[in-house]
>>> print(open('upload-v5.csv').read())   # CSV, C-alpha atoms (C1' of nucleotides)
chain,number,residue,atom,x,y,z
A,1,MET,CA,-397.9,-70.8,-54.9
A,2,LYS,CA,-399.2,-74.3,-55.8
A,3,SER,CA,-399.7,-76.7,-52.9
A,4,THR,CA,-397.4,-79.6,-53.0
A,5,ASP,CA,-398.1,-83.3,-52.9
A,6,SER,CA,-395.7,-83.6,-50.1
A,7,THR,CA,-396.0,-87.4,-49.5
A,8,SER,CA,-394.1,-88.3,-52.7
A,9,LEU,CA,-391.4,-85.9,-51.8
A,10,GLU,CA,-390.6,-87.0,-48.4
A,11,ARG,CA,-388.2,-89.8,-48.3
A,12,PRO,CA,-387.9,-90.8,-44.7
A,13,GLY,CA,-384.5,-89.1,-43.9
A,14,SER,CA,-384.7,-86.3,-46.3
A,15,LEU,CA,-384.1,-82.7,-45.2
A,16,LEU,CA,-387.7,-82.0,-46.2
A,17,ALA,CA,-389.1,-84.7,-44.0
A,18,ARG,CA,-387.0,-83.5,-41.1
A,19,LEU,CA,-388.2,-80.0,-41.8
A,20,ARG,CA,-391.8,-81.1,-41.5
A,21,ARG,CA,-391.2,-83.1,-38.4
A,22,ARG,CA,-389.7,-80.0,-36.8
A,23,GLY,CA,-393.0,-78.2,-37.3
A,24,LEU,CA,-391.9,-76.0,-40.1
A,25,ARG,CA,-394.4,-75.3,-42.8
A,26,LEU,CA,-393.9,-77.1,-46.0
A,27,THR,CA,-393.7,-74.4,-48.7
A,28,ALA,CA,-392.5,-74.6,-52.3
A,29,GLN,CA,-389.6,-72.4,-51.4
A,30,ARG,CA,-388.3,-74.7,-48.7
A,31,ARG,CA,-388.8,-77.6,-51.0
A,32,VAL,CA,-386.6,-76.3,-53.8
A,33,ILE,CA,-384.0,-75.1,-51.3
A,34,ALA,CA,-383.9,-78.5,-49.6
A,35,GLN,CA,-383.6,-80.2,-53.0
A,36,ALA,CA,-380.8,-77.9,-54.1
A,37,LEU,CA,-378.9,-78.7,-51.0
A,38,GLU,CA,-379.3,-82.4,-51.1
A,39,GLU,CA,-378.8,-82.9,-54.8
A,40,ALA,CA,-375.5,-81.2,-55.0
A,41,GLY,CA,-372.6,-83.5,-54.3
A,42,VAL,CA,-370.5,-80.6,-53.0
A,43,HIS,CA,-371.4,-78.1,-50.4
A,44,LEU,CA,-373.0,-75.0,-51.8
A,45,THR,CA,-372.8,-71.3,-50.8
A,46,ALA,CA,-376.1,-69.5,-50.1
A,47,ASP,CA,-375.9,-67.9,-53.5
A,48,GLU,CA,-375.3,-71.3,-55.2
A,49,VAL,CA,-378.3,-72.6,-53.4
A,50,PHE,CA,-380.3,-69.6,-54.6
A,51,GLU,CA,-379.2,-70.1,-58.2
A,52,ARG,CA,-380.2,-73.7,-58.3
A,53,ALA,CA,-383.4,-73.3,-56.5
A,54,VAL,CA,-384.6,-70.3,-58.4
A,55,ALA,CA,-384.2,-72.3,-61.6
A,56,ARG,CA,-387.1,-74.5,-60.3
A,57,LEU,CA,-389.0,-71.7,-58.6
A,58,PRO,CA,-388.4,-68.3,-60.3
A,59,GLU,CA,-390.2,-66.2,-57.8
A,60,LEU,CA,-387.9,-67.3,-55.0
A,61,SER,CA,-386.0,-64.6,-53.3
A,62,ARG,CA,-382.5,-64.5,-51.8
A,63,ALA,CA,-383.8,-63.4,-48.4
A,64,THR,CA,-385.9,-66.6,-48.2
A,65,VAL,CA,-382.8,-68.6,-49.0
A,66,TYR,CA,-380.9,-67.0,-46.2
A,67,ASN,CA,-383.8,-67.2,-43.8
A,68,THR,CA,-384.3,-70.8,-44.5
A,69,LEU,CA,-380.7,-71.8,-44.3
A,70,ASN,CA,-380.4,-70.0,-40.9
A,71,GLN,CA,-383.5,-71.8,-39.6
A,72,LEU,CA,-382.2,-75.1,-40.7
A,73,ARG,CA,-378.9,-74.4,-39.1
A,74,ALA,CA,-380.6,-73.3,-35.8
A,75,LEU,CA,-382.5,-76.6,-35.8
A,76,GLY,CA,-379.3,-78.5,-36.4
A,77,GLU,CA,-380.6,-79.9,-39.6
A,78,ILE,CA,-377.7,-78.6,-41.7
A,79,CYS,CA,-374.3,-77.3,-40.8
A,80,GLU,CA,-372.5,-74.2,-41.9
A,81,ILE,CA,-368.8,-74.1,-42.7
A,82,SER,CA,-366.7,-71.1,-43.0
A,83,LEU,CA,-363.5,-71.3,-45.0
A,84,ASP,CA,-360.9,-68.6,-44.7
A,85,ASP,CA,-362.2,-66.8,-47.7
A,86,GLY,CA,-365.3,-66.8,-49.8
A,87,PRO,CA,-368.8,-67.1,-48.4
A,88,ARG,CA,-370.1,-69.7,-46.0
A,89,ARG,CA,-371.1,-73.1,-47.3
A,90,TYR,CA,-373.9,-75.4,-46.2
A,91,ASP,CA,-373.7,-79.1,-45.6
A,92,PRO,CA,-377.0,-81.1,-45.5
A,93,ASN,CA,-375.2,-84.1,-44.1
A,94,VAL,CA,-375.7,-83.9,-40.4
A,95,THR,CA,-376.7,-87.5,-39.6
A,96,GLU,CA,-373.3,-89.0,-40.2
A,97,ARG,CA,-370.3,-87.9,-38.2
A,98,HIS,CA,-367.7,-86.5,-40.6
A,99,GLN,CA,-365.1,-83.8,-41.2
A,100,HIS,CA,-364.2,-81.7,-44.2
A,101,LEU,CA,-361.6,-81.8,-47.0
A,102,VAL,CA,-361.1,-78.4,-48.7
A,103,CYS,CA,-359.3,-77.5,-51.9
A,104,ASP,CA,-357.3,-74.3,-51.2
A,105,SER,CA,-357.4,-73.4,-54.8
A,106,CYS,CA,-361.0,-73.8,-56.0
A,107,GLY,CA,-362.7,-74.0,-52.7
A,108,THR,CA,-364.5,-77.3,-53.2
A,109,VAL,CA,-365.5,-79.0,-50.0
A,110,ARG,CA,-366.0,-82.8,-49.5
A,111,ASP,CA,-367.1,-84.8,-46.5
A,112,VAL,CA,-364.6,-87.2,-45.2
A,113,ILE,CA,-364.2,-89.6,-42.3
A,114,PRO,CA,-360.8,-89.4,-40.7
A,115,SER,CA,-358.9,-92.0,-38.7
A,116,GLY,CA,-357.1,-91.4,-35.4
A,117,ASP,CA,-358.1,-88.9,-32.8
A,118,VAL,CA,-357.0,-85.6,-31.3
A,119,SER,CA,-357.8,-84.3,-27.9
A,120,LEU,CA,-356.8,-81.6,-25.5
A,121,PRO,CA,-354.8,-82.5,-22.4
A,122,GLU,CA,-356.1,-81.0,-19.1
A,123,ASP,CA,-353.5,-78.3,-19.0
A,124,GLN,CA,-354.5,-77.1,-22.5
A,125,GLN,CA,-358.2,-76.8,-21.9
A,126,HIS,CA,-358.0,-73.5,-20.1
A,127,GLY,CA,-361.1,-74.3,-18.2
A,128,PHE,CA,-363.3,-74.7,-21.3
A,129,VAL,CA,-366.1,-77.2,-21.6
A,130,ILE,CA,-365.4,-78.8,-25.0
A,131,ASN,CA,-368.3,-79.8,-27.0
A,132,GLU,CA,-367.0,-80.5,-30.4
A,133,VAL,CA,-363.8,-81.1,-32.4
A,134,GLN,CA,-363.8,-79.8,-35.9
A,135,VAL,CA,-361.1,-80.9,-38.4
A,136,ILE,CA,-360.4,-79.4,-41.7
A,137,PHE,CA,-358.0,-81.1,-44.1
A,138,ARG,CA,-356.6,-78.6,-46.6
A,139,GLY,CA,-354.9,-79.2,-49.8
A,140,LEU,CA,-355.5,-79.4,-53.6
A,141,CYS,CA,-358.1,-81.4,-55.4
A,142,PRO,CA,-357.0,-83.6,-58.3
A,143,ALA,CA,-358.0,-81.0,-60.8
A,144,CYS,CA,-356.1,-78.1,-59.1
A,145,ALA,CA,-353.1,-80.2,-58.3
A,146,LYS,CA,-352.4,-80.9,-61.9
A,147,PRO,CA,-349.7,-78.4,-63.1
A,148,SER,CA,-351.1,-78.9,-66.6
A,149,ARG,CA,-350.3,-75.9,-68.9
A,150,PRO,CA,-350.5,-77.4,-72.4
B,1,MET,CA,-345.5,-38.9,-38.7
B,2,LYS,CA,-342.6,-39.0,-36.4
B,3,SER,CA,-339.8,-41.3,-37.3
B,4,THR,CA,-339.4,-44.1,-34.8
B,5,ASP,CA,-336.4,-45.2,-32.9
B,6,SER,CA,-336.9,-48.7,-34.1
B,7,THR,CA,-334.1,-50.4,-32.3
B,8,SER,CA,-335.8,-50.2,-29.0
B,9,LEU,CA,-339.0,-51.6,-30.4
B,10,GLU,CA,-337.6,-54.6,-32.2
B,11,ARG,CA,-337.3,-57.5,-29.8
B,12,PRO,CA,-335.7,-60.2,-31.9
B,13,GLY,CA,-338.8,-62.4,-32.7
B,14,SER,CA,-341.4,-59.6,-32.7
B,15,LEU,CA,-343.8,-59.2,-35.5
B,16,LEU,CA,-342.2,-55.8,-36.1
B,17,ALA,CA,-338.7,-57.3,-36.4
B,18,ARG,CA,-340.0,-59.9,-38.8
B,19,LEU,CA,-341.8,-57.2,-40.7
B,20,ARG,CA,-338.6,-55.3,-41.2
B,21,ARG,CA,-336.6,-58.3,-42.1
B,22,ARG,CA,-339.1,-59.0,-44.8
B,23,GLY,CA,-338.3,-55.7,-46.4
B,24,LEU,CA,-341.5,-53.9,-45.5
B,25,ARG,CA,-341.1,-50.3,-44.5
B,26,LEU,CA,-341.3,-49.6,-40.8
B,27,THR,CA,-344.1,-47.1,-40.4
B,28,ALA,CA,-345.9,-45.9,-37.3
B,29,GLN,CA,-349.1,-47.5,-38.6
B,30,ARG,CA,-347.5,-50.9,-38.9
B,31,ARG,CA,-346.0,-50.5,-35.5
B,32,VAL,CA,-349.2,-49.8,-33.7
B,33,ILE,CA,-351.0,-52.6,-35.7
B,34,ALA,CA,-348.2,-55.1,-34.7
B,35,GLN,CA,-348.4,-53.9,-31.1
B,36,ALA,CA,-352.1,-54.4,-31.0
B,37,LEU,CA,-351.9,-57.9,-32.3
B,38,GLU,CA,-349.1,-59.0,-30.1
B,39,GLU,CA,-350.3,-57.4,-26.8
B,40,ALA,CA,-353.7,-58.9,-27.0
B,41,GLY,CA,-353.8,-62.3,-25.3
B,42,VAL,CA,-356.7,-63.4,-27.6
B,43,HIS,CA,-357.0,-63.2,-31.3
B,44,LEU,CA,-358.5,-60.0,-32.5
B,45,THR,CA,-360.8,-59.1,-35.4
B,46,ALA,CA,-359.6,-56.5,-37.9
B,47,ASP,CA,-361.9,-54.0,-36.3
B,48,GLU,CA,-360.6,-54.8,-32.8
B,49,VAL,CA,-357.1,-54.3,-34.1
B,50,PHE,CA,-358.2,-51.0,-35.6
B,51,GLU,CA,-359.8,-49.8,-32.3
B,52,ARG,CA,-356.7,-50.7,-30.2
B,53,ALA,CA,-354.3,-49.3,-32.7
B,54,VAL,CA,-356.2,-46.1,-33.4
B,55,ALA,CA,-356.0,-45.3,-29.7
B,56,ARG,CA,-352.3,-44.9,-30.1
B,57,LEU,CA,-352.3,-43.4,-33.5
B,58,PRO,CA,-355.6,-41.5,-34.2
B,59,GLU,CA,-354.9,-40.8,-37.8
B,60,LEU,CA,-354.8,-44.5,-38.6
B,61,SER,CA,-357.4,-45.7,-41.1
B,62,ARG,CA,-359.3,-49.0,-41.4
B,63,ALA,CA,-358.0,-49.6,-44.9
B,64,THR,CA,-354.5,-49.6,-43.6
B,65,VAL,CA,-355.3,-52.1,-41.0
B,66,TYR,CA,-356.8,-54.4,-43.6
B,67,ASN,CA,-354.0,-53.8,-46.0
B,68,THR,CA,-351.4,-54.6,-43.4
B,69,LEU,CA,-353.1,-57.6,-42.1
B,70,ASN,CA,-353.3,-59.0,-45.6
B,71,GLN,CA,-349.7,-58.3,-46.2
B,72,LEU,CA,-348.7,-60.0,-43.0
B,73,ARG,CA,-350.8,-63.0,-43.9
B,74,ALA,CA,-349.3,-63.2,-47.4
B,75,LEU,CA,-345.9,-63.2,-45.9
B,76,GLY,CA,-346.9,-65.9,-43.5
B,77,GLU,CA,-346.2,-63.8,-40.5
B,78,ILE,CA,-349.7,-64.0,-39.0
B,79,CYS,CA,-352.5,-66.4,-39.7
B,80,GLU,CA,-356.2,-65.8,-40.3
B,81,ILE,CA,-358.9,-67.8,-38.8
B,82,SER,CA,-362.6,-67.8,-39.8
B,83,LEU,CA,-365.1,-69.0,-37.3
B,84,ASP,CA,-368.6,-69.8,-38.5
B,85,ASP,CA,-369.9,-66.5,-37.7
B,86,GLY,CA,-368.5,-63.0,-37.0
B,87,PRO,CA,-365.6,-61.5,-38.8
B,88,ARG,CA,-362.2,-63.2,-39.3
B,89,ARG,CA,-359.6,-63.1,-36.5
B,90,TYR,CA,-355.9,-62.8,-36.7
B,91,ASP,CA,-353.2,-64.8,-34.9
B,92,PRO,CA,-349.7,-63.4,-34.5
B,93,ASN,CA,-348.4,-66.8,-33.3
B,94,VAL,CA,-347.0,-68.5,-36.3
B,95,THR,CA,-343.7,-69.7,-35.0
B,96,GLU,CA,-345.2,-72.4,-32.9
B,97,ARG,CA,-347.4,-75.2,-34.3
B,98,HIS,CA,-350.7,-75.0,-32.6
B,99,GLN,CA,-354.5,-75.3,-33.0
B,100,HIS,CA,-357.4,-73.3,-31.8
B,101,LEU,CA,-359.9,-73.4,-28.9
B,102,VAL,CA,-363.1,-71.4,-29.5
B,103,CYS,CA,-365.9,-70.3,-27.2
B,104,ASP,CA,-369.1,-70.7,-29.1
B,105,SER,CA,-370.8,-68.2,-26.9
B,106,CYS,CA,-368.5,-65.2,-26.7
B,107,GLY,CA,-366.2,-66.0,-29.7
B,108,THR,CA,-362.9,-65.9,-27.8
B,109,VAL,CA,-360.1,-67.8,-29.4
B,110,ARG,CA,-357.1,-69.3,-27.7
B,111,ASP,CA,-354.1,-71.2,-29.0
B,112,VAL,CA,-353.7,-74.8,-27.8
B,113,ILE,CA,-351.5,-77.7,-28.5
B,114,PRO,CA,-353.5,-80.9,-28.9
B,115,SER,CA,-352.3,-84.5,-28.3
B,116,GLY,CA,-353.1,-87.4,-30.6
B,117,ASP,CA,-353.3,-87.3,-34.4
B,118,VAL,CA,-355.9,-87.5,-37.2
B,119,SER,CA,-355.3,-88.4,-40.8
B,120,LEU,CA,-357.2,-89.4,-43.9
B,121,PRO,CA,-357.0,-93.0,-45.0
B,122,GLU,CA,-356.2,-93.4,-48.7
B,123,ASP,CA,-359.8,-94.2,-49.6
B,124,GLN,CA,-360.9,-90.9,-48.0
B,125,GLN,CA,-358.4,-88.6,-49.8
B,126,HIS,CA,-360.4,-88.3,-53.0
B,127,GLY,CA,-357.2,-87.8,-54.9
B,128,PHE,CA,-356.4,-84.6,-53.0
B,129,VAL,CA,-352.9,-83.5,-52.1
B,130,ILE,CA,-353.2,-82.7,-48.4
B,131,ASN,CA,-351.1,-79.9,-47.1
B,132,GLU,CA,-352.4,-79.0,-43.7
B,133,VAL,CA,-354.7,-80.3,-41.0
B,134,GLN,CA,-356.6,-77.6,-39.0
B,135,VAL,CA,-358.3,-78.5,-35.8
B,136,ILE,CA,-360.8,-76.4,-34.0
B,137,PHE,CA,-362.0,-77.3,-30.5
B,138,ARG,CA,-365.3,-75.7,-29.7
B,139,GLY,CA,-367.0,-75.3,-26.4
B,140,LEU,CA,-367.7,-72.8,-23.7
B,141,CYS,CA,-365.1,-70.7,-21.9
B,142,PRO,CA,-365.1,-70.6,-18.1
B,143,ALA,CA,-367.0,-67.4,-18.0
B,144,CYS,CA,-369.7,-68.4,-20.5
B,145,ALA,CA,-370.0,-72.0,-19.0
B,146,LYS,CA,-371.1,-70.6,-15.6
B,147,PRO,CA,-374.9,-70.7,-15.5
B,148,SER,CA,-374.8,-67.8,-13.1
B,149,ARG,CA,-378.0,-65.8,-12.9
B,150,PRO,CA,-377.9,-64.0,-9.6
C,1,DC,C1',-335.6,-38.6,-54.8
C,2,DT,C1',-338.3,-42.6,-55.5
C,3,DC,C1',-341.6,-45.6,-54.5
C,4,DC,C1',-344.1,-47.8,-51.0
C,5,DA,C1',-347.6,-46.8,-47.8
C,6,DT,C1',-351.5,-44.2,-46.3
C,7,DG,C1',-356.0,-41.8,-45.9
C,8,DC,C1',-360.3,-41.1,-47.7
C,9,DA,C1',-364.3,-42.3,-49.8
C,10,DA,C1',-366.7,-45.2,-52.6
C,11,DA,C1',-367.7,-49.8,-54.0
C,12,DA,C1',-368.1,-54.5,-53.6
C,13,DG,C1',-369.7,-58.6,-51.6
C,14,DG,C1',-372.4,-61.2,-48.3
C,15,DT,C1',-376.1,-61.3,-45.0
C,16,DT,C1',-379.9,-59.3,-42.3
C,17,DT,C1',-384.1,-56.8,-41.5
C,18,DG,C1',-388.8,-54.1,-41.8
C,19,DC,C1',-393.0,-54.2,-43.8
C,20,DA,C1',-396.9,-55.5,-46.3
C,21,DC,C1',-398.8,-59.3,-48.7
C,22,DT,C1',-399.5,-64.5,-49.2
C,23,DC,C1',-400.8,-69.0,-48.3
C,24,DC,C1',-400.0,-73.2,-45.3
C,25,DC,C1',-402.2,-75.5,-41.6
D,1,DG,C1',-408.8,-67.2,-40.3
D,2,DG,C1',-404.5,-66.6,-38.1
D,3,DG,C1',-399.9,-66.5,-38.0
D,4,DA,C1',-395.8,-68.4,-40.2
D,5,DG,C1',-393.5,-67.6,-44.4
D,6,DT,C1',-392.3,-64.7,-48.4
D,7,DG,C1',-390.7,-60.9,-51.6
D,8,DC,C1',-388.8,-56.6,-52.1
D,9,DA,C1',-385.7,-53.2,-51.1
D,10,DA,C1',-383.0,-51.0,-48.1
D,11,DA,C1',-379.8,-51.4,-44.4
D,12,DC,C1',-375.7,-53.4,-42.4
D,13,DC,C1',-371.2,-55.2,-41.8
D,14,DT,C1',-366.9,-56.5,-43.4
D,15,DT,C1',-363.5,-56.1,-46.7
D,16,DT,C1',-361.5,-54.3,-51.0
D,17,DT,C1',-360.1,-50.7,-54.2
D,18,DG,C1',-358.8,-46.2,-56.8
D,19,DC,C1',-356.6,-42.2,-56.5
D,20,DA,C1',-353.9,-38.3,-54.7
D,21,DT,C1',-350.8,-37.2,-51.0
D,22,DG,C1',-347.1,-38.2,-47.8
D,23,DG,C1',-343.0,-40.1,-45.8
D,24,DA,C1',-339.4,-44.2,-45.3
D,25,DG,C1',-335.2,-45.6,-47.0
>>> encode(input="upload-v5.csv", output="structure tokens")
Amino acid sequence: MKSTDSTSLERPGSLLARLRRRGLRLTAQRRVIAQALEEAGVHLTADEVFERAVARLPELSRATVYNTLNQLRALGEICEISLDDGPRRYDPNVTERHQHLVCDSCGTVRDVIPSGDVSLPEDQQHGFVINEVQVIFRGLCPACAKPSRP
Amino acid sequence: MKSTDSTSLERPGSLLARLRRRGLRLTAQRRVIAQALEEAGVHLTADEVFERAVARLPELSRATVYNTLNQLRALGEICEISLDDGPRRYDPNVTERHQHLVCDSCGTVRDVIPSGDVSLPEDQQHGFVINEVQVIFRGLCPACAKPSRP
DNA sequence: CTCCATGCAAAAGGTTTGCACTCCC
DNA sequence: GGGAGTGCAAACCTTTTGCATGGAG
């Protein structure tokens, strides 16, 4: 595998830069995986990441994609979202606090910033220590909402 | 399979009663599946449902559990929740509007009723038609929060 | 009696793992 | 050079499906 001129690839806040800073080795595989994740406007499944990444690096294997995604998640550099059906999707945006908007028809996921606030009253906390509140807005994207049948 | 004296089993709002009202046939399999779902205080995975149900009806098969859960969900009589890892869980409480509280350590899920409200400002809706807002509170349950190491 | 429902087993995803080889640091 | 990282293939886990049998209504 050709060694990479990493300096040109590491924009300060990029996934790749964060990866390096965490002490992970900078390999070609990780580079194409990070690129695939960041370049996509929507949140990809592991398989979609693989497809896009393997286009740039044909010897890439699926296992490496899964391993890398899991490592990144463990480090908190990406987050994983499970919808009710279909495979998990991965979100490289972890620096900005946000929630998700999901199309129930085609499965597309977008980042959104909601207004307002929810919380759990004491009597609803059941003794839990609450760390995070996750909100998923569900509905239909513009394309799927159109009842067009020409 | 022995026919069941269904009257004694159908408390008015029970899953079983709702099942019957929807025109589904009342079988022993569906009965034990509904019982398993309703008797558990927490929300079970398909496999947990199977385990508990098969204890009462040894000839029950996994496929039937999945089929039945899917039918119930399609009818809107139960709801399915996907956490970020582990299999999906099923919630028989669909009559009361509620959200979920999840333990990140052991995976337990409880129903809760939050206060406050979130919404998406126009400029965050991306043209979507929003149908539902799902909220998941994540944290540690009392048992898992305890740092006990005797 | 007629279908819906079931069991079984196989298949279909999606994801993880063991092992030997590779290559970054 | 050493150990993290990788590819491959097989294993795993969860869920779905095809088909023949069985039982509810």
>>> residues_near_point(input="upload-v5.csv", point="(-395.4, -71.0, -40.0)", cutoff="8 Å", atoms="all atoms listed in the file", output="PyMOL selection string")
(chain A and resi 24-25) or (chain C and resi 24) or (chain D and resi 3-5)
>>> calpha_fit_and_write(input="upload-v5.csv", fixed="chain B", moving="chain A", output="tab-separated table (two decimals) with C-alpha atoms, in the coordinates of the input")
chain	number	residue	atom	x	y	z
A	1	MET	CA	-345.57	-39.05	-39.18
A	2	LYS	CA	-342.61	-39.10	-36.74
A	3	SER	CA	-339.77	-41.46	-37.60
A	4	THR	CA	-339.38	-44.22	-35.17
A	5	ASP	CA	-336.38	-45.36	-33.19
A	6	SER	CA	-336.93	-48.79	-34.48
A	7	THR	CA	-333.98	-50.54	-32.71
A	8	SER	CA	-335.62	-50.36	-29.26
A	9	LEU	CA	-338.78	-51.74	-30.67
A	10	GLU	CA	-337.53	-54.75	-32.35
A	11	ARG	CA	-337.22	-57.66	-30.10
A	12	PRO	CA	-335.64	-60.39	-32.12
A	13	GLY	CA	-338.83	-62.49	-32.84
A	14	SER	CA	-341.32	-59.77	-32.78
A	15	LEU	CA	-343.82	-59.31	-35.63
A	16	LEU	CA	-342.18	-55.93	-36.25
A	17	ALA	CA	-338.75	-57.39	-36.65
A	18	ARG	CA	-340.08	-60.03	-38.99
A	19	LEU	CA	-341.85	-57.31	-40.90
A	20	ARG	CA	-338.60	-55.46	-41.42
A	21	ARG	CA	-336.70	-58.53	-42.38
A	22	ARG	CA	-339.32	-59.19	-45.06
A	23	GLY	CA	-338.47	-55.85	-46.64
A	24	LEU	CA	-341.55	-54.05	-45.57
A	25	ARG	CA	-341.18	-50.44	-44.63
A	26	LEU	CA	-341.27	-49.68	-41.01
A	27	THR	CA	-344.06	-47.10	-40.56
A	28	ALA	CA	-345.83	-45.91	-37.41
A	29	GLN	CA	-348.99	-47.52	-38.65
A	30	ARG	CA	-347.48	-50.97	-38.94
A	31	ARG	CA	-345.89	-50.50	-35.59
A	32	VAL	CA	-349.10	-49.84	-33.69
A	33	ILE	CA	-350.89	-52.60	-35.60
A	34	ALA	CA	-348.14	-55.10	-34.80
A	35	GLN	CA	-348.23	-54.04	-31.14
A	36	ALA	CA	-352.00	-54.36	-30.96
A	37	LEU	CA	-351.78	-57.83	-32.30
A	38	GLU	CA	-349.05	-59.06	-30.10
A	39	GLU	CA	-350.18	-57.45	-26.88
A	40	ALA	CA	-353.60	-58.90	-26.88
A	41	GLY	CA	-353.77	-62.29	-25.25
A	42	VAL	CA	-356.74	-63.28	-27.42
A	43	HIS	CA	-357.03	-63.12	-31.12
A	44	LEU	CA	-358.48	-59.88	-32.37
A	45	THR	CA	-360.81	-59.04	-35.30
A	46	ALA	CA	-359.60	-56.40	-37.79
A	47	ASP	CA	-361.86	-53.88	-36.15
A	48	GLU	CA	-360.48	-54.74	-32.66
A	49	VAL	CA	-357.04	-54.26	-34.02
A	50	PHE	CA	-358.10	-50.91	-35.46
A	51	GLU	CA	-359.60	-49.78	-32.16
A	52	ARG	CA	-356.52	-50.55	-30.18
A	53	ALA	CA	-354.10	-49.21	-32.62
A	54	VAL	CA	-355.90	-46.00	-33.33
A	55	ALA	CA	-355.80	-45.26	-29.61
A	56	ARG	CA	-351.97	-44.94	-30.03
A	57	LEU	CA	-352.07	-43.43	-33.50
A	58	PRO	CA	-355.29	-41.42	-34.11
A	59	GLU	CA	-354.73	-40.74	-37.74
A	60	LEU	CA	-354.67	-44.44	-38.57
A	61	SER	CA	-357.25	-45.60	-40.97
A	62	ARG	CA	-359.21	-48.86	-41.23
A	63	ALA	CA	-358.04	-49.48	-44.80
A	64	THR	CA	-354.41	-49.50	-43.57
A	65	VAL	CA	-355.38	-52.02	-40.94
A	66	TYR	CA	-356.88	-54.30	-43.51
A	67	ASN	CA	-354.06	-53.78	-45.96
A	68	THR	CA	-351.51	-54.54	-43.39
A	69	LEU	CA	-353.19	-57.58	-41.98
A	70	ASN	CA	-353.56	-59.01	-45.54
A	71	GLN	CA	-349.87	-58.39	-46.26
A	72	LEU	CA	-348.85	-60.04	-43.09
A	73	ARG	CA	-351.05	-62.96	-43.84
A	74	ALA	CA	-349.64	-63.25	-47.44
A	75	LEU	CA	-346.13	-63.33	-45.95
A	76	GLY	CA	-347.18	-66.00	-43.50
A	77	GLU	CA	-346.34	-63.82	-40.60
A	78	ILE	CA	-349.81	-64.05	-39.03
A	79	CYS	CA	-352.69	-66.38	-39.59
A	80	GLU	CA	-356.33	-65.68	-40.16
A	81	ILE	CA	-359.12	-67.73	-38.64
A	82	SER	CA	-362.65	-67.74	-39.67
A	83	LEU	CA	-365.27	-68.87	-37.19
A	84	ASP	CA	-368.75	-69.71	-38.36
A	85	ASP	CA	-370.01	-66.29	-37.54
A	86	GLY	CA	-368.58	-62.92	-36.78
A	87	PRO	CA	-365.60	-61.44	-38.58
A	88	ARG	CA	-362.24	-63.04	-39.16
A	89	ARG	CA	-359.67	-63.02	-36.39
A	90	TYR	CA	-355.90	-62.70	-36.58
A	91	ASP	CA	-353.35	-64.75	-34.74
A	92	PRO	CA	-349.75	-63.37	-34.48
A	93	ASN	CA	-348.50	-66.70	-33.24
A	94	VAL	CA	-347.17	-68.44	-36.28
A	95	THR	CA	-343.82	-69.73	-34.97
A	96	GLU	CA	-345.27	-72.37	-32.71
A	97	ARG	CA	-347.42	-75.15	-34.08
A	98	HIS	CA	-350.84	-74.96	-32.44
A	99	GLN	CA	-354.59	-75.27	-32.92
A	100	HIS	CA	-357.53	-73.25	-31.70
A	101	LEU	CA	-360.07	-73.46	-28.84
A	102	VAL	CA	-363.22	-71.37	-29.49
A	103	CYS	CA	-366.01	-70.37	-27.15
A	104	ASP	CA	-369.30	-70.81	-29.08
A	105	SER	CA	-370.95	-68.26	-26.94
A	106	CYS	CA	-368.63	-65.23	-26.75
A	107	GLY	CA	-366.34	-66.07	-29.56
A	108	THR	CA	-363.06	-65.92	-27.67
A	109	VAL	CA	-360.26	-67.82	-29.32
A	110	ARG	CA	-357.20	-69.37	-27.53
A	111	ASP	CA	-354.20	-71.21	-28.87
A	112	VAL	CA	-353.85	-74.72	-27.73
A	113	ILE	CA	-351.61	-77.70	-28.36
A	114	PRO	CA	-353.54	-80.91	-28.78
A	115	SER	CA	-352.44	-84.49	-28.21
A	116	GLY	CA	-353.05	-87.41	-30.57
A	117	ASP	CA	-353.27	-87.18	-34.30
A	118	VAL	CA	-355.78	-87.43	-37.13
A	119	SER	CA	-355.08	-88.31	-40.68
A	120	LEU	CA	-356.84	-89.26	-43.85
A	121	PRO	CA	-356.62	-92.84	-45.11
A	122	GLU	CA	-355.75	-93.23	-48.84
A	123	ASP	CA	-359.29	-93.95	-49.85
A	124	GLN	CA	-360.50	-90.71	-48.21
A	125	GLN	CA	-358.04	-88.37	-49.83
A	126	HIS	CA	-359.85	-88.16	-53.12
A	127	GLY	CA	-356.65	-87.46	-54.89
A	128	PHE	CA	-355.86	-84.30	-52.90
A	129	VAL	CA	-352.38	-83.24	-51.91
A	130	ILE	CA	-352.81	-82.41	-48.20
A	131	ASN	CA	-350.80	-79.66	-46.86
A	132	GLU	CA	-352.24	-78.87	-43.54
A	133	VAL	CA	-354.59	-80.17	-40.82
A	134	GLN	CA	-356.54	-77.58	-38.98
A	135	VAL	CA	-358.38	-78.45	-35.72
A	136	ILE	CA	-360.87	-76.37	-33.96
A	137	PHE	CA	-362.07	-77.35	-30.49
A	138	ARG	CA	-365.46	-75.80	-29.75
A	139	GLY	CA	-367.17	-75.36	-26.53
A	140	LEU	CA	-367.80	-72.81	-23.71
A	141	CYS	CA	-365.25	-70.81	-21.84
A	142	PRO	CA	-365.39	-70.80	-18.04
A	143	ALA	CA	-367.24	-67.55	-18.00
A	144	CYS	CA	-369.96	-68.63	-20.53
A	145	ALA	CA	-370.31	-72.07	-19.06
A	146	LYS	CA	-371.40	-70.74	-15.75
A	147	PRO	CA	-375.27	-70.86	-15.64
A	148	SER	CA	-375.07	-68.05	-13.08
A	149	ARG	CA	-378.33	-65.99	-12.95
A	150	PRO	CA	-378.26	-64.45	-9.47
>>> interface_residues(input="upload-v5.csv", of="chain A", to="chain C", cutoff="8 Å", atoms="all atoms listed in the file", output="list in words")
Met1, Arg25, Leu26, Thr27, Tyr66 and Pro87 of chain A
